[in-house]
$ cat target_29.txt   # compact mmCIF, C-alpha atoms and all ligand atoms
# COMPACT_ATOMS: atom_id res chain seq x y z
CA MET A 28 106.13 4.92 69.30
CA GLY A 29 108.14 7.75 67.82
CA VAL A 30 110.84 10.23 68.57
CA ILE A 31 110.33 13.91 69.17
CA ILE A 32 112.98 16.57 69.20
CA ILE A 33 112.55 19.47 71.57
CA ASP A 34 114.60 22.40 72.69
CA GLY A 35 114.10 25.34 75.00
CA SER A 36 112.17 27.42 72.50
CA THR A 37 109.72 24.59 71.83
CA VAL A 38 108.92 24.34 75.51
CA ARG A 39 108.77 28.10 76.00
CA ALA A 40 106.42 28.57 73.06
CA PHE A 41 104.12 25.99 74.59
CA VAL A 42 104.07 27.68 78.00
CA ASN A 43 103.59 31.12 76.48
CA ASP A 44 100.65 29.98 74.41
CA GLU A 45 98.34 30.71 77.31
CA THR A 46 95.18 29.09 75.98
CA GLN A 47 96.95 25.94 74.93
CA PHE A 48 98.95 25.67 78.12
CA LYS A 49 95.96 26.26 80.38
CA THR A 50 93.90 23.70 78.49
CA SER A 51 96.67 21.14 78.82
CA VAL A 52 97.34 21.85 82.49
CA ASP A 53 93.65 21.87 83.37
CA GLY A 54 93.09 18.66 81.45
CA GLN A 55 95.99 17.04 83.23
CA PHE A 56 94.70 18.24 86.58
CA ASP A 57 91.25 16.75 85.90
CA SER A 58 92.64 13.41 84.89
CA LEU A 59 94.91 13.32 87.93
CA ASP A 60 92.11 14.17 90.34
CA VAL A 61 91.01 10.57 90.49
CA ASN A 62 88.48 11.01 93.29
CA ASN A 63 87.11 14.25 91.78
CA ASP A 64 87.32 16.33 94.93
CA GLY A 65 88.85 19.27 93.06
CA VAL A 66 92.30 18.99 94.64
CA LEU A 67 95.29 16.73 94.24
CA SER A 68 96.40 14.66 97.18
CA ARG A 69 99.90 13.41 97.79
CA SER A 70 99.21 10.06 96.14
CA GLU A 71 97.44 11.64 93.19
CA MET A 72 100.43 13.92 92.71
CA ARG A 73 102.80 11.00 92.86
CA LYS A 74 100.95 9.36 90.00
CA ALA A 75 101.21 12.66 88.18
CA PHE A 76 104.97 12.80 88.42
CA GLU A 77 105.22 9.25 87.24
CA SER A 78 102.96 9.77 84.24
CA MET A 79 104.47 13.08 83.20
CA ARG A 80 108.00 11.80 83.58
CA LEU A 81 108.77 15.10 85.24
CA LEU A 82 111.40 13.74 87.54
CA GLU A 83 113.46 12.36 84.69
CA ALA A 84 112.95 15.43 82.53
CA HIS A 85 113.35 18.15 85.11
CA PHE A 86 115.43 16.77 87.92
CA GLY A 87 117.52 14.33 85.96
CA VAL A 88 116.54 11.70 88.45
CA ASP A 89 117.21 8.06 87.88
CA THR A 90 113.86 6.50 88.77
CA ALA A 91 115.64 3.30 89.70
CA LEU A 92 116.35 4.96 93.04
CA PRO A 93 115.50 3.04 96.20
CA PRO A 94 111.79 3.46 97.02
CA GLU A 95 112.40 5.42 100.22
CA GLU A 96 114.55 7.94 98.39
CA LEU A 97 111.97 8.29 95.65
CA THR A 98 109.31 8.89 98.26
CA ARG A 99 111.40 11.61 99.87
CA LEU A 100 111.87 13.20 96.49
CA TYR A 101 108.17 13.06 95.66
CA ASP A 102 107.44 14.61 99.04
CA SER A 103 109.75 17.51 98.42
CA VAL A 104 108.27 18.12 94.97
CA PHE A 105 104.79 17.95 96.48
CA LEU A 106 105.74 20.63 98.99
CA SER A 107 106.91 22.91 96.21
CA PHE A 108 103.48 22.61 94.59
CA ASP A 109 101.53 23.02 97.82
CA GLU A 110 102.22 26.69 98.21
CA ASP A 111 99.81 27.38 101.08
CA GLN A 112 100.85 24.12 102.74
CA ASN A 113 97.35 22.85 103.39
CA GLY A 114 98.27 19.33 102.32
CA THR A 115 96.59 19.38 98.90
CA VAL A 116 97.34 20.98 95.56
CA ASP A 117 94.54 23.02 94.01
CA LEU A 118 94.25 24.05 90.38
CA GLU A 119 95.87 27.45 90.88
CA GLU A 120 98.85 25.94 92.67
CA PHE A 121 99.15 23.28 90.00
CA ARG A 122 99.05 25.79 87.16
CA SER A 123 101.62 28.12 88.63
CA GLU A 124 104.09 25.40 89.60
CA MET A 125 103.76 23.59 86.27
CA LYS A 126 104.55 26.85 84.54
CA LYS A 127 107.66 27.33 86.68
CA ILE A 128 108.81 23.78 86.05
CA MET A 129 108.26 23.98 82.31
CA LEU A 130 110.15 27.27 82.10
CA ALA A 131 112.98 25.75 84.14
CA ILE A 132 113.07 22.84 81.71
CA ALA A 133 113.17 25.33 78.83
CA ASP A 134 116.12 27.11 80.44
CA GLY A 135 117.85 23.81 81.03
CA LEU A 136 117.42 22.75 77.42
CA GLY A 137 118.51 26.09 76.03
CA SER A 138 119.23 25.80 72.36
CA SER A 139 120.52 22.25 72.46
CA PRO A 140 117.71 20.02 71.24
CA ILE A 141 117.18 16.67 72.87
CA GLN A 142 115.54 13.60 71.46
CA MET A 143 112.85 11.92 73.42
CA ALA A 144 111.18 8.61 72.70
CA VAL A 145 107.42 8.86 73.12
CA GLU A 146 104.43 6.59 72.87
CA ASP A 147 101.56 7.76 70.66
CA ASP A 148 99.33 8.21 73.69
CA ASP A 149 102.03 9.97 75.68
CA GLN A 150 100.45 12.64 77.87
CA SER A 151 103.63 14.42 78.85
CA PHE A 152 103.78 18.16 78.37
CA LEU A 153 106.98 17.82 76.44
CA LYS A 154 105.14 15.76 73.86
CA LYS A 155 102.34 18.32 73.78
CA ALA A 156 104.89 21.08 73.31
CA ALA A 157 106.40 19.22 70.36
CA ASP A 158 102.93 18.58 68.89
CA LEU A 159 102.08 22.26 69.16
CA GLU A 160 105.24 23.26 67.35
CA ALA A 161 104.62 20.68 64.63
CA ALA A 162 101.09 22.03 64.17
CA LYS A 163 102.40 25.59 63.87
CA ILE A 164 105.00 24.57 61.30
CA SER A 165 102.40 22.82 59.15
CA GLU A 166 100.05 25.82 59.44
CA SER A 167 102.66 28.23 58.18
CA SER A 168 103.81 26.15 55.25
CA CA B 201 91.66 14.44 94.48
CA CA B 202 97.48 23.89 98.79
$ encode --input "target_29.txt" --output "structure tokens"
Amino acid sequence: MGVIIIDGSTVRAFVNDETQFKTSVDGQFDSLDVNNDGVLSRSEMRKAFESMRLLEAHFGVDTALPPEELTRLYDSVFLSFDEDQNGTVDLEEFRSEMKKIMLAIADGLGSSPIQMAVEDDDQSFLKKAADLEAAKISESS
């Protein structure tokens, strides 16, 4: 376990690095698509939010909420992903909404860095963003 420090520019650099971002998003999509049917169902998406810690990071949600409230929240987030409202989230929908969310997180962070505790095998995008920045810093030195 370690601590990463991220701010808005870290997150924005990650999103704007198109190759890196697409690879990460696509990889995440594949691992979330547990039954390999090429789309994410409601329950697959719910696992996604839990593993990416998006609710805490983006919505400032206390995940100790009562289960029924959490479910309502997950449902509303699902609907924002499911743009054509066909009940599943495809790769295009996933990519475009993840981009929006990450940019919103970047705006929210602004130039005030936050510290985040992460596990070594953390798959969250915020960790990936921090890793990318660390890699760039070591390249340029
Ligand atoms: Ca699926
Ligand atoms: Ca859809």
$ atom_distance --input "target_29.txt" --atom1 "atom CA of Ala133 of chain A" --atom2 "atom CA of Ser151 of chain A"
14.5 Å
$ closest_residue --input "target_29.txt" --among "A:Asp34, A:Glu71, A:Glu77, A:Asp57" --to "Pro140 of chain A" --atoms "only C-alpha atoms"
A:Asp34
$ residues_near_ligand --input "target_29.txt" --ligand "ligand CA 201 (chain B)" --cutoff "6 Å" --atoms "all atoms listed in the file" --output "PyMOL selection string"
chain A and resi 60-68
$ write_last_selection --input "target_29.txt" --atoms "C-alpha atoms" --output "short mmCIF file (atom, residue, chain, number, x, y, z; two decimals), in the frame of the given file"
data_model
loop_
_atom_site.label_atom_id
_atom_site.label_comp_id
_atom_site.auth_asym_id
_atom_site.auth_seq_id
_atom_site.Cartn_x
_atom_site.Cartn_y
_atom_site.Cartn_z
CA ASP A 60 92.11 14.17 90.34
CA VAL A 61 91.01 10.57 90.49
CA ASN A 62 88.48 11.01 93.29
CA ASN A 63 87.11 14.25 91.78
CA ASP A 64 87.32 16.33 94.93
CA GLY A 65 88.85 19.27 93.06
CA VAL A 66 92.30 18.99 94.64
CA LEU A 67 95.29 16.73 94.24
CA SER A 68 96.40 14.66 97.18
#
$ closest_residue --input "target_29.txt" --among "A:Asp109, A:Asp148, A:Glu119, A:Asp158" --to "ligand CA 202 (chain B)" --atoms "all atoms listed in the file"
A:Asp109
$ residues_near_ligand --input "target_29.txt" --ligand "ligand CA 202 (chain B)" --cutoff "10 Å" --atoms "only C-alpha atoms and all ligand atoms" --output "PyMOL selection string"
chain A and resi 66-68+105-121
$ write_last_selection --input "target_29.txt" --atoms "C-alpha atoms" --output "JSON list (two decimals), in the coordinates of the input"
[["chain", "number", "residue", "atom", "x", "y", "z"],
["A", 66, "VAL", "CA", 92.30, 18.99, 94.64],
["A", 67, "LEU", "CA", 95.29, 16.73, 94.24],
["A", 68, "SER", "CA", 96.40, 14.66, 97.18],
["A", 105, "PHE", "CA", 104.79, 17.95, 96.48],
["A", 106, "LEU", "CA", 105.74, 20.63, 98.99],
["A", 107, "SER", "CA", 106.91, 22.91, 96.21],
["A", 108, "PHE", "CA", 103.48, 22.61, 94.59],
["A", 109, "ASP", "CA", 101.53, 23.02, 97.82],
["A", 110, "GLU", "CA", 102.22, 26.69, 98.21],
["A", 111, "ASP", "CA", 99.81, 27.38, 101.08],
["A", 112, "GLN", "CA", 100.85, 24.12, 102.74],
["A", 113, "ASN", "CA", 97.35, 22.85, 103.39],
["A", 114, "GLY", "CA", 98.27, 19.33, 102.32],
["A", 115, "THR", "CA", 96.59, 19.38, 98.90],
["A", 116, "VAL", "CA", 97.34, 20.98, 95.56],
["A", 117, "ASP", "CA", 94.54, 23.02, 94.01],
["A", 118, "LEU", "CA", 94.25, 24.05, 90.38],
["A", 119, "GLU", "CA", 95.87, 27.45, 90.88],
["A", 120, "GLU", "CA", 98.85, 25.94, 92.67],
["A", 121, "PHE", "CA", 99.15, 23.28, 90.00]]
$ closest_residue --input "target_29.txt" --among "A:Ala157, A:Val30, A:Val104, A:Leu97" --to "Ala144 of chain A" --atoms "only C-alpha atoms"
A:Val30
$ closest_residue --input "target_29.txt" --among "A:Leu136, A:Arg69, A:Val52, A:Tyr101" --to "Glu124 of chain A" --atoms "all atoms listed in the file"
A:Val52
$ atom_distance --input "target_29.txt" --atom1 "atom CA of Leu59 of chain A" --atom2 "atom CA of Arg122 of chain A"
13.2 Å
$ closest_residue --input "target_29.txt" --among "A:Met125, A:Ala161, A:Ser139, A:Asp147" --to "Ser51 of chain A" --atoms "only C-alpha atoms"
A:Met125
$ atom_distance --input "target_29.txt" --atom1 "atom CA of Phe56 of chain A" --atom2 "atom CA of Phe41 of chain A"
17.1 Å
$ closest_residue --input "target_29.txt" --among "A:Pro94, A:Gly29, A:Gly54, A:Gly35" --to "Met143 of chain A" --atoms "all atoms listed in the file"
A:Gly29
$ residues_around --input "target_29.txt" --residues "Asn43 of chain A" --least-positions-apart "2" --cutoff "12 Å" --atoms "only C-alpha atoms" --output "PyMOL selection string"
chain A and resi 36-41+45-49+126-127+129-130+133+156+159
$ build_atoms --input "target_29.txt" --residues "segment 114-125 of chain A" --atoms "N, CA and C atoms" --output "compact mmCIF listing (two decimals), in the coordinates of the input"
# COMPACT_ATOMS: atom_id res chain seq x y z
N GLY A 114 98.26 20.78 102.50
CA GLY A 114 98.27 19.33 102.32
C GLY A 114 97.66 18.84 101.02
N THR A 115 97.11 19.76 100.21
CA THR A 115 96.59 19.38 98.90
C THR A 115 97.01 20.43 97.89
N VAL A 116 96.98 20.05 96.63
CA VAL A 116 97.34 20.98 95.56
C VAL A 116 96.08 21.33 94.79
N ASP A 117 95.72 22.63 94.78
CA ASP A 117 94.54 23.02 94.01
C ASP A 117 94.97 23.46 92.61
N LEU A 118 93.98 23.77 91.79
CA LEU A 118 94.25 24.05 90.38
C LEU A 118 95.20 25.23 90.20
N GLU A 119 94.99 26.28 90.99
CA GLU A 119 95.87 27.45 90.88
C GLU A 119 97.33 27.09 91.20
N GLU A 120 97.49 26.35 92.28
CA GLU A 120 98.85 25.94 92.67
C GLU A 120 99.48 25.07 91.58
N PHE A 121 98.66 24.18 91.02
CA PHE A 121 99.15 23.28 90.00
C PHE A 121 99.59 24.06 88.76
N ARG A 122 98.73 24.98 88.34
CA ARG A 122 99.05 25.79 87.16
C ARG A 122 100.35 26.56 87.34
N SER A 123 100.48 27.23 88.49
CA SER A 123 101.62 28.12 88.63
C SER A 123 102.93 27.33 88.77
N GLU A 124 102.87 26.18 89.46
CA GLU A 124 104.09 25.40 89.60
C GLU A 124 104.47 24.71 88.29
N MET A 125 103.47 24.23 87.56
CA MET A 125 103.76 23.59 86.27
C MET A 125 104.44 24.59 85.33
